[in-house]
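Data file: start31.cif. Format and content: mmCIF, C-alpha atoms.
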```cif
data_work
#
loop_
_atom_site.label_atom_id
_atom_site.label_comp_id
_atom_site.auth_asym_id
_atom_site.auth_seq_id
_atom_site.Cartn_x
_atom_site.Cartn_y
_atom_site.Cartn_z
CA MET E 229 363.37 175.80 229.18
CA TYR E 230 363.62 178.24 232.09
CA LYS E 231 360.09 178.94 233.42
CA GLN E 232 358.42 177.42 230.33
CA LYS E 233 357.85 173.73 229.67
CA LEU E 234 358.22 172.68 226.03
CA CYS E 235 356.69 169.51 224.60
CA LEU E 236 357.18 167.72 221.27
CA GLY E 237 354.79 165.16 219.86
CA LEU E 238 356.18 161.79 218.84
CA SER E 239 356.03 161.18 215.09
CA ASP E 240 357.00 158.20 212.96
CA SER E 241 358.20 160.75 210.38
CA PHE E 242 361.20 161.61 212.58
CA GLY E 243 363.13 158.52 211.48
CA ALA E 244 363.71 156.59 214.70
CA SER E 245 361.91 154.19 217.00
CA PRO E 246 359.59 155.79 219.58
CA GLU E 247 361.95 154.82 222.39
CA ASP E 248 364.95 156.35 220.64
CA LEU E 249 362.91 159.45 219.84
CA ILE E 250 361.97 159.90 223.48
CA GLU E 251 365.63 159.88 224.46
CA ILE E 252 366.59 162.25 221.63
CA ILE E 253 363.74 164.62 222.50
CA GLY E 254 364.80 164.70 226.14
CA ASN E 255 368.46 165.23 225.26
CA ALA E 256 367.48 168.12 222.97
CA GLY E 257 365.92 169.96 225.91
CA PHE E 258 362.18 169.27 225.74
CA GLU E 259 360.54 168.58 229.08
CA GLU E 260 357.51 166.60 227.84
CA ILE E 261 356.18 164.51 224.97
CA PHE E 262 352.71 163.87 223.66
CA ILE E 263 351.71 160.55 222.15
CA ASP E 264 349.71 160.22 218.95
CA ALA E 265 347.55 157.08 219.10
CA SER E 266 345.45 157.96 216.07
CA ASP E 267 346.44 154.75 214.25
CA ARG E 268 345.25 152.66 217.24
CA ASN E 269 348.37 150.46 217.20
CA VAL E 270 350.56 152.55 219.47
CA ASP E 271 351.44 151.00 222.82
CA TYR E 272 350.95 154.31 224.59
CA ALA E 273 351.06 152.77 228.07
CA HIS E 274 354.56 151.47 227.40
CA LEU E 275 355.69 154.76 225.84
CA ALA E 276 354.31 156.80 228.74
CA ASP E 277 356.14 154.58 231.21
CA PHE E 278 359.35 154.71 229.16
CA ALA E 279 359.20 158.50 228.90
CA ARG E 280 358.81 158.93 232.64
CA LYS E 281 361.76 156.63 233.28
CA THR E 282 363.90 158.91 231.10
CA GLY E 283 362.72 161.95 233.05
CA LEU E 284 360.15 163.30 230.58
CA GLY E 285 356.54 164.13 231.36
CA VAL E 286 353.64 162.97 229.20
CA GLN E 287 351.51 165.98 228.34
CA SER E 288 348.66 164.33 226.44
CA LEU E 289 347.42 161.50 224.24
CA HIS E 290 345.86 162.15 220.85
CA ALA E 291 342.98 159.69 220.50
CA PRO E 292 341.93 158.27 217.10
CA PHE E 293 339.93 160.81 215.12
CA ASN E 294 338.74 159.08 211.94
CA ARG E 295 335.39 158.27 213.57
CA SER E 296 334.76 161.84 214.71
CA ASP E 297 332.03 162.38 212.11
CA ASP E 298 330.31 159.22 213.34
CA MET E 299 329.91 160.83 216.76
CA TRP E 300 327.21 163.01 215.16
CA ASP E 301 325.35 160.07 213.60
CA GLU E 302 321.64 160.05 214.43
CA GLU E 303 321.09 156.41 213.47
CA GLY E 304 322.95 155.04 216.47
CA GLU E 305 325.30 152.16 215.65
CA LEU E 306 328.27 154.03 214.20
CA GLY E 307 327.95 156.73 216.82
CA GLU E 308 327.92 154.16 219.60
CA ILE E 309 331.09 152.55 218.26
CA ALA E 310 332.85 155.93 218.09
CA GLU E 311 331.71 156.90 221.59
CA LYS E 312 332.82 153.60 223.14
CA GLU E 313 336.23 153.95 221.50
CA LEU E 314 336.77 157.45 222.88
CA ILE E 315 335.73 156.33 226.35
CA SER E 316 338.12 153.39 226.07
CA PHE E 317 341.00 155.74 225.26
CA ALA E 318 339.99 158.04 228.11
CA GLU E 319 340.21 155.07 230.47
CA GLY E 320 343.60 154.24 228.98
CA CYS E 321 344.77 157.79 229.63
CA SER E 322 343.70 157.50 233.24
CA ASN E 323 345.41 154.13 233.67
CA SER E 324 348.62 155.57 232.22
CA GLU E 325 348.33 158.80 234.21
CA ILE E 326 348.10 160.94 231.09
CA PRO E 327 346.17 164.06 232.10
CA ILE E 328 344.71 165.18 228.76
CA MET E 329 343.03 163.32 225.89
CA VAL E 330 342.94 165.30 222.64
CA THR E 331 340.34 164.52 220.01
CA HIS E 332 338.70 166.13 216.99
CA ALA E 333 335.15 167.42 217.02
CA PHE E 334 334.73 166.39 213.37
CA ILE E 335 336.47 165.00 210.29
CA GLY E 336 335.44 165.42 206.67
CA PHE E 337 336.11 168.01 203.96
CA ASP E 338 333.21 167.14 201.66
CA ASN E 339 330.84 165.98 204.38
CA ASP E 340 327.59 167.97 204.53
CA ARG E 341 326.66 166.63 207.99
CA LYS E 342 325.45 169.20 210.53
CA PRO E 343 325.79 169.22 214.32
CA THR E 344 323.14 167.05 215.98
CA HIS E 345 321.71 166.67 219.47
CA ALA E 346 322.86 163.04 219.37
CA GLY E 347 326.44 164.17 218.83
CA VAL E 348 326.34 166.64 221.70
CA GLU E 349 324.98 163.90 223.98
CA ARG E 350 327.73 161.47 222.95
CA TYR E 351 330.50 163.96 223.57
CA GLY E 352 328.75 164.80 226.82
CA ARG E 353 329.01 161.20 227.97
CA VAL E 354 332.69 161.13 227.00
CA ALA E 355 333.23 164.35 228.96
CA LYS E 356 331.42 162.91 231.97
CA ARG E 357 333.62 159.81 231.89
CA CYS E 358 336.73 162.00 231.65
CA GLU E 359 335.54 163.90 234.71
CA GLU E 360 335.02 160.63 236.61
CA LEU E 361 338.52 159.52 235.63
CA GLY E 362 340.14 162.81 236.63
CA ILE E 363 341.41 163.69 233.15
CA LYS E 364 340.52 166.44 230.68
CA LEU E 365 339.01 166.21 227.20
CA ALA E 366 340.63 168.67 224.79
CA LEU E 367 338.71 169.43 221.58
CA GLU E 368 340.93 170.49 218.69
CA ASN E 369 340.14 172.90 215.86
CA THR E 370 340.03 171.17 212.49
CA GLU E 371 337.74 171.42 209.48
CA GLY E 372 334.08 171.68 210.41
CA LEU E 373 334.47 174.56 212.83
CA GLU E 374 330.72 174.61 213.55
CA PHE E 375 331.06 171.26 215.33
CA LEU E 376 333.81 172.56 217.62
CA ASP E 377 331.81 175.71 218.26
CA THR E 378 328.73 173.69 219.19
CA LEU E 379 330.65 171.58 221.69
CA LEU E 380 332.68 174.33 223.32
CA LYS E 381 329.57 176.43 223.80
CA GLU E 382 327.72 173.42 225.22
CA PHE E 383 330.51 172.56 227.67
CA LYS E 384 331.59 176.07 228.63
CA GLY E 385 332.18 176.03 232.37
CA ASN E 386 332.72 172.27 232.42
CA LYS E 387 336.11 171.82 234.07
CA SER E 388 336.69 168.47 232.33
CA VAL E 389 336.47 169.95 228.80
CA GLY E 390 338.84 172.41 227.14
CA PHE E 391 340.22 173.66 223.85
CA CYS E 392 343.33 172.43 222.01
CA TRP E 393 344.53 175.20 219.69
CA ASP E 394 346.24 173.96 216.54
CA SER E 395 347.98 177.00 215.09
CA GLY E 396 348.41 175.37 211.68
CA HIS E 397 344.81 174.22 211.38
CA GLU E 398 343.71 177.77 212.12
CA LEU E 399 345.64 178.94 209.04
CA CYS E 400 344.74 176.24 206.55
CA TYR E 401 341.31 175.03 207.71
CA ASN E 402 339.78 177.94 209.63
CA PHE E 403 340.62 180.84 207.28
CA SER E 404 342.89 182.41 209.94
CA LYS E 405 339.90 183.11 212.19
CA ASN E 406 341.13 184.20 215.62
CA LEU E 407 340.03 181.13 217.56
CA LEU E 408 341.79 182.21 220.73
CA ALA E 409 339.49 185.24 220.85
CA ASP E 410 336.52 182.87 220.83
CA TYR E 411 337.78 179.96 222.91
CA GLY E 412 340.93 181.20 224.65
CA ASP E 413 339.24 181.10 228.04
CA MET E 414 338.91 177.31 227.58
CA LEU E 415 342.45 176.72 226.27
CA ILE E 416 344.21 173.82 227.97
CA CYS E 417 346.80 172.73 225.38
CA THR E 418 348.38 173.62 222.06
CA HIS E 419 349.50 171.97 218.84
CA LEU E 420 351.95 174.52 217.47
CA ASN E 421 353.15 174.25 213.87
CA ASP E 422 353.36 176.30 210.69
CA ASN E 423 352.14 176.12 207.10
CA LEU E 424 351.43 178.27 204.03
CA GLY E 425 347.72 178.74 204.57
CA ILE E 426 345.02 177.76 202.08
CA SER E 427 346.65 177.02 198.74
CA ARG E 428 343.59 177.17 196.46
CA TYR E 429 342.56 180.54 195.08
CA ASP E 430 338.87 179.64 195.48
CA GLY E 431 339.36 178.98 199.20
CA LYS E 432 338.55 175.27 199.14
CA ILE E 433 340.26 173.60 202.06
CA TYR E 434 342.05 170.26 201.85
CA TRP E 435 344.19 168.17 204.17
CA THR E 436 347.38 168.50 202.11
CA ASP E 437 347.68 172.16 203.19
CA ASP E 438 348.20 170.96 206.78
CA LEU E 439 352.00 170.84 206.49
CA HIS E 440 353.10 170.87 210.16
CA LEU E 441 356.26 172.80 209.32
CA LEU E 442 358.71 174.00 211.91
CA PRO E 443 357.73 177.41 213.33
CA PHE E 444 359.02 180.29 211.17
CA ASP E 445 359.08 178.13 208.02
CA GLY E 446 355.54 179.17 207.00
CA ILE E 447 353.39 182.29 207.06
CA ARG E 448 352.35 182.28 210.73
CA ASP E 449 353.15 185.52 212.54
CA TRP E 450 354.56 184.02 215.73
CA LYS E 451 354.86 187.33 217.56
CA GLU E 452 351.12 187.87 217.01
CA ALA E 453 350.39 184.27 218.01
CA ALA E 454 352.35 184.70 221.25
CA GLU E 455 350.52 187.94 221.99
CA ARG E 456 347.20 186.14 221.60
CA LEU E 457 348.32 183.31 223.88
CA ASN E 458 349.40 185.85 226.48
CA LYS E 459 346.13 187.75 226.15
CA CYS E 460 344.07 184.67 226.97
CA GLY E 461 346.28 184.00 229.99
CA PHE E 462 347.71 180.68 228.85
CA ASN E 463 350.74 179.67 230.91
CA GLY E 464 350.76 175.91 230.33
CA THR E 465 353.14 173.70 228.40
CA LEU E 466 353.81 174.80 224.81
CA THR E 467 353.28 171.66 222.74
CA PHE E 468 354.59 171.36 219.18
CA GLU E 469 353.17 168.92 216.61
CA LEU E 470 355.59 168.63 213.69
CA THR E 471 356.47 166.32 210.81
CA ARG E 472 359.46 165.82 208.54
CA LYS E 473 357.33 164.21 205.83
CA SER E 474 355.70 166.14 202.99
CA LYS E 475 352.06 165.59 202.06
CA PRO E 476 351.27 163.87 198.71
CA ASN E 477 352.40 166.00 195.75
CA ARG E 478 353.82 168.59 198.16
CA HIS E 479 357.52 169.14 198.86
CA GLU E 480 357.68 171.80 201.56
CA ASN E 481 358.95 169.38 204.22
CA ASP E 482 361.44 167.58 201.96
CA GLY E 483 364.38 169.68 203.10
CA TYR E 484 364.08 168.34 206.63
CA ALA E 485 365.17 164.93 205.34
CA ALA E 486 368.68 166.32 204.84
CA LEU E 487 368.97 166.60 208.62
CA SER E 488 369.63 163.66 210.89
CA THR E 489 366.94 162.87 213.43
CA GLU E 490 369.06 164.45 216.16
CA MET E 491 369.68 167.60 214.10
CA TYR E 492 366.02 167.97 213.17
CA ILE E 493 364.82 167.65 216.77
CA ALA E 494 367.57 170.05 217.91
CA GLU E 495 366.28 172.52 215.32
CA ALA E 496 362.72 171.96 216.54
CA TYR E 497 363.88 172.80 220.06
CA LYS E 498 365.57 175.98 218.85
CA ARG E 499 362.37 177.07 217.09
CA ALA E 500 360.29 176.18 220.15
CA CYS E 501 362.54 178.35 222.31
CA ARG E 502 362.13 181.23 219.85
CA VAL E 503 358.34 180.92 220.11
CA ALA E 504 358.49 180.70 223.90
CA SER E 505 360.71 183.79 224.09
CA LEU E 506 357.92 185.83 222.48
#
```
So that I can check it, write out the structure of this file as structure tokens.
Amino acid sequence: MYKQKLCLGLSDSFGASPEDLIEIIGNAGFEEIFIDASDRNVDYAHLADFARKTGLGVQSLHAPFNRSDDMWDEEGELGEIAEKELISFAEGCSNSEIPIMVTHAFIGFDNDRKPTHAGVERYGRVAKRCEELGIKLALENTEGLEFLDTLLKEFKGNKSVGFCWDSGHELCYNFSKNLLADYGDMLICTHLNDNLGISRYDGKIYWTDDLHLLPFDGIRDWKEAAERLNKCGFNGTLTFELTRKSKPNRHENDGYAALSTEMYIAEAYKRACRVASL
């Protein structure tokens, strides 16, 4: 898009092979992709190389996140495994010339764990390795906001660490707290998507509220979101993280299945342009 790069994350919910998706995404008008390696089986080096050969940039890699709570373990073994894995993916990013590695500060909705000094030290070693490799570590807002807050305060001023703002997570996990007001000065990437907020009347949060709808299909005020992005001075790539697949016992995304892969990604590009225009 003129004067604004737009990026779409690869998703197996889109209904095509990763290679075909990359070509469809490029043909739709997106300038970049991001690769989700959270299942650990993605050949991200191949996909990064393939994307560049088609003329697309590779904005970031999403590292596995299901060991994020182990990073805070005080006992040692599980934390060491989680730390080594993150460092391994950071090295993979560097080898594949992917400039940003996104990860979660925490995972767990019924986990009563608290931030620990051991966790801060582990993330510190990951950040140091990212700095050595010349890439950036982007910490994403999820459940467990106190863990993100602990890390971003600890690493404020560290040029190798930044914030990844997930607009949907802010709605359904973070009670619509204005995270850009708190961390906007550290913002280095986005995961833009929509949802319907917290579904339970008692305010209990759960992963099935994280719908990753197309922008303007949920309750997010995108004009307000754009104003906040502008206020914090963000002028980087606008990255969208979307899915066609509904969460268990939810049906909000079902209508996307009526669209072909090409039509869905074309619609995603149209919505991305609408967000960028704001």
Q: Calculate how many Å separate CA of Ile416 (chain E) from CA of Glu247 (chain E), rounding to one decimal.
A: 26.6 Å
Q: Find the residues around Gly372 (chain E) up to 12 Å (only C-alpha atoms counted), leave out those fewer than 2 positions away in its own chain, and share them as a ChimeraX atom specification.
A: /E:296-297,332-343,368-370,374-379,397-398,401-403,433-434
Would you save the residues from that selection as a JSON list (two decimals), in the frame of the given file, using C-alpha atoms?
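Output below, filename result09.json:
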```json
[["chain", "number", "residue", "atom", "x", "y", "z"],
["E", 296, "SER", "CA", 334.76, 161.84, 214.71],
["E", 297, "ASP", "CA", 332.03, 162.38, 212.11],
["E", 332, "HIS", "CA", 338.70, 166.13, 216.99],
["E", 333, "ALA", "CA", 335.15, 167.42, 217.02],
["E", 334, "PHE", "CA", 334.73, 166.39, 213.37],
["E", 335, "ILE", "CA", 336.47, 165.00, 210.29],
["E", 336, "GLY", "CA", 335.44, 165.42, 206.67],
["E", 337, "PHE", "CA", 336.11, 168.01, 203.96],
["E", 338, "ASP", "CA", 333.21, 167.14, 201.66],
["E", 339, "ASN", "CA", 330.84, 165.98, 204.38],
["E", 340, "ASP", "CA", 327.59, 167.97, 204.53],
["E", 341, "ARG", "CA", 326.66, 166.63, 207.99],
["E", 342, "LYS", "CA", 325.45, 169.20, 210.53],
["E", 343, "PRO", "CA", 325.79, 169.22, 214.32],
["E", 368, "GLU", "CA", 340.93, 170.49, 218.69],
["E", 369, "ASN", "CA", 340.14, 172.90, 215.86],
["E", 370, "THR", "CA", 340.03, 171.17, 212.49],
["E", 374, "GLU", "CA", 330.72, 174.61, 213.55],
["E", 375, "PHE", "CA", 331.06, 171.26, 215.33],
["E", 376, "LEU", "CA", 333.81, 172.56, 217.62],
["E", 377, "ASP", "CA", 331.81, 175.71, 218.26],
["E", 378, "THR", "CA", 328.73, 173.69, 219.19],
["E", 379, "LEU", "CA", 330.65, 171.58, 221.69],
["E", 397, "HIS", "CA", 344.81, 174.22, 211.38],
["E", 398, "GLU", "CA", 343.71, 177.77, 212.12],
["E", 401, "TYR", "CA", 341.31, 175.03, 207.71],
["E", 402, "ASN", "CA", 339.78, 177.94, 209.63],
["E", 403, "PHE", "CA", 340.62, 180.84, 207.28],
["E", 433, "ILE", "CA", 340.26, 173.60, 202.06],
["E", 434, "TYR", "CA", 342.05, 170.26, 201.85]]
```
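Counting from CA of Gly396 (chain E), the distance to CA of Gly425 (chain E) is 7.9 Å.
Excluding Gly390 (chain E) itself and same-chain residues fewer than 3 positions from it, the residues having an atom within 9 Å of it are Lys364, Leu365, Ala366, Leu367, Glu368, Leu380, Phe383, Lys384, Asn386, Lys387, Tyr411, Asp413, Met414, Leu415, Ile416 and Cys417 of chain E, counting all atoms listed in the file.
For the atom pair formed by CA of Leu314 (chain E) and CA of Lys381 (chain E), the distance is 20.3 Å, given to one decimal.
Each of E:Ala318, E:Ala276, E:Ile493, E:Leu284 was checked against Arg357 (chain E) using all atoms listed in the file; the smallest atom-to-atom distance is that of E:Ala318.
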Q: On this file, the PyMOL selection byres ((chain E and resi 462) around 12) gives some set of residues; write that set as a PyMOL selection string.
A: chain E and resi 232+391-393+408+411-418+453-461+463-466+504
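Residue selection for this entry, given the PyMOL selection byres ((chain E and resi 471) around 6), comprises Ser241, His440, Leu470, Arg472 and Lys473 of chain E.
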List the spatial neighbours of Val286 (chain E) as a compact mmCIF listing (two decimals) with C-alpha atoms, in the frame of the given file - criterion: any atom at most 7 Å away, all atoms listed in the file, same-chain residues fewer than 2 positions off excluded.
```txt
# COMPACT_ATOMS: atom_id res chain seq x y z
CA GLU E 260 357.51 166.60 227.84
CA ILE E 261 356.18 164.51 224.97
CA PHE E 262 352.71 163.87 223.66
CA ALA E 276 354.31 156.80 228.74
CA LEU E 284 360.15 163.30 230.58
CA SER E 288 348.66 164.33 226.44
CA ILE E 326 348.10 160.94 231.09
```
Reconstruct region 240-276 of chain E at the level of N, CA and C atoms, and format the result as a tab-separated table (two decimals), in the coordinates of the input.
```tsv
chain	number	residue	atom	x	y	z
E	240	ASP	N	356.22	159.21	213.69
E	240	ASP	CA	357.00	158.20	212.96
E	240	ASP	C	357.73	158.80	211.78
E	241	SER	N	357.47	160.09	211.47
E	241	SER	CA	358.20	160.75	210.38
E	241	SER	C	359.60	161.17	210.80
E	242	PHE	N	359.92	161.10	212.10
E	242	PHE	CA	361.20	161.61	212.58
E	242	PHE	C	362.36	160.66	212.28
E	243	GLY	N	362.07	159.41	211.94
E	243	GLY	CA	363.13	158.52	211.48
E	243	GLY	C	363.83	157.74	212.56
E	244	ALA	N	363.13	157.42	213.64
E	244	ALA	CA	363.71	156.59	214.70
E	244	ALA	C	362.58	155.89	215.43
E	245	SER	N	362.93	154.89	216.22
E	245	SER	CA	361.91	154.19	217.00
E	245	SER	C	361.36	155.14	218.06
E	246	PRO	N	360.15	154.90	218.54
E	246	PRO	CA	359.59	155.79	219.58
E	246	PRO	C	360.48	155.90	220.81
E	247	GLU	N	361.09	154.78	221.21
E	247	GLU	CA	361.95	154.82	222.39
E	247	GLU	C	363.18	155.68	222.15
E	248	ASP	N	363.79	155.51	220.97
E	248	ASP	CA	364.95	156.35	220.64
E	248	ASP	C	364.55	157.81	220.54
E	249	LEU	N	363.38	158.07	219.97
E	249	LEU	CA	362.91	159.45	219.84
E	249	LEU	C	362.74	160.09	221.21
E	250	ILE	N	362.17	159.35	222.13
E	250	ILE	CA	361.97	159.90	223.48
E	250	ILE	C	363.30	160.34	224.08
E	251	GLU	N	364.33	159.51	223.92
E	251	GLU	CA	365.63	159.88	224.46
E	251	GLU	C	366.22	161.08	223.73
E	252	ILE	N	366.06	161.12	222.42
E	252	ILE	CA	366.59	162.25	221.63
E	252	ILE	C	365.86	163.54	222.00
E	253	ILE	N	364.55	163.44	222.15
E	253	ILE	CA	363.74	164.62	222.50
E	253	ILE	C	364.16	165.16	223.87
E	254	GLY	N	364.36	164.26	224.82
E	254	GLY	CA	364.80	164.70	226.14
E	254	GLY	C	366.19	165.31	226.09
E	255	ASN	N	367.09	164.71	225.36
E	255	ASN	CA	368.46	165.23	225.26
E	255	ASN	C	368.49	166.59	224.58
E	256	ALA	N	367.53	166.83	223.67
E	256	ALA	CA	367.48	168.12	222.97
E	256	ALA	C	367.05	169.25	223.90
E	257	GLY	N	366.33	168.93	224.97
E	257	GLY	CA	365.92	169.96	225.91
E	257	GLY	C	364.43	170.02	226.21
E	258	PHE	N	363.62	169.30	225.46
E	258	PHE	CA	362.18	169.27	225.74
E	258	PHE	C	361.92	168.62	227.08
E	259	GLU	N	360.89	169.12	227.77
E	259	GLU	CA	360.54	168.58	229.08
E	259	GLU	C	359.45	167.51	229.01
E	260	GLU	N	358.65	167.52	227.93
E	260	GLU	CA	357.51	166.60	227.84
E	260	GLU	C	357.35	166.10	226.41
E	261	ILE	N	356.59	165.01	226.28
E	261	ILE	CA	356.18	164.51	224.97
E	261	ILE	C	354.66	164.42	224.95
E	262	PHE	N	354.08	164.36	223.76
E	262	PHE	CA	352.71	163.87	223.66
E	262	PHE	C	352.69	162.72	222.67
E	263	ILE	N	351.76	161.81	222.90
E	263	ILE	CA	351.71	160.55	222.15
E	263	ILE	C	350.52	160.56	221.21
E	264	ASP	N	350.77	160.28	219.95
E	264	ASP	CA	349.71	160.22	218.95
E	264	ASP	C	349.29	158.76	218.79
E	265	ALA	N	348.08	158.45	219.22
E	265	ALA	CA	347.55	157.08	219.10
E	265	ALA	C	346.47	157.00	218.04
E	266	SER	N	346.53	157.90	217.05
E	266	SER	CA	345.45	157.96	216.07
E	266	SER	C	345.39	156.73	215.17
E	267	ASP	N	346.50	155.97	215.07
E	267	ASP	CA	346.44	154.75	214.25
E	267	ASP	C	346.04	153.52	215.06
E	268	ARG	N	345.78	153.69	216.35
E	268	ARG	CA	345.25	152.66	217.24
E	268	ARG	C	346.24	151.54	217.57
E	269	ASN	N	347.42	151.54	216.97
E	269	ASN	CA	348.37	150.46	217.20
E	269	ASN	C	349.51	150.85	218.12
E	270	VAL	N	349.48	152.05	218.62
E	270	VAL	CA	350.56	152.55	219.47
E	270	VAL	C	350.39	152.00	220.89
E	271	ASP	N	351.46	151.46	221.44
E	271	ASP	CA	351.44	151.00	222.82
E	271	ASP	C	351.73	152.20	223.71
E	272	TYR	N	350.72	153.04	223.90
E	272	TYR	CA	350.95	154.31	224.59
E	272	TYR	C	351.25	154.10	226.08
E	273	ALA	N	350.75	153.03	226.65
E	273	ALA	CA	351.06	152.77	228.07
E	273	ALA	C	352.55	152.52	228.24
E	274	HIS	N	353.12	151.73	227.35
E	274	HIS	CA	354.56	151.47	227.40
E	274	HIS	C	355.36	152.75	227.17
E	275	LEU	N	354.95	153.54	226.16
E	275	LEU	CA	355.69	154.76	225.84
E	275	LEU	C	355.60	155.79	226.98
E	276	ALA	N	354.45	155.88	227.61
E	276	ALA	CA	354.31	156.80	228.74
E	276	ALA	C	355.23	156.38	229.88
```
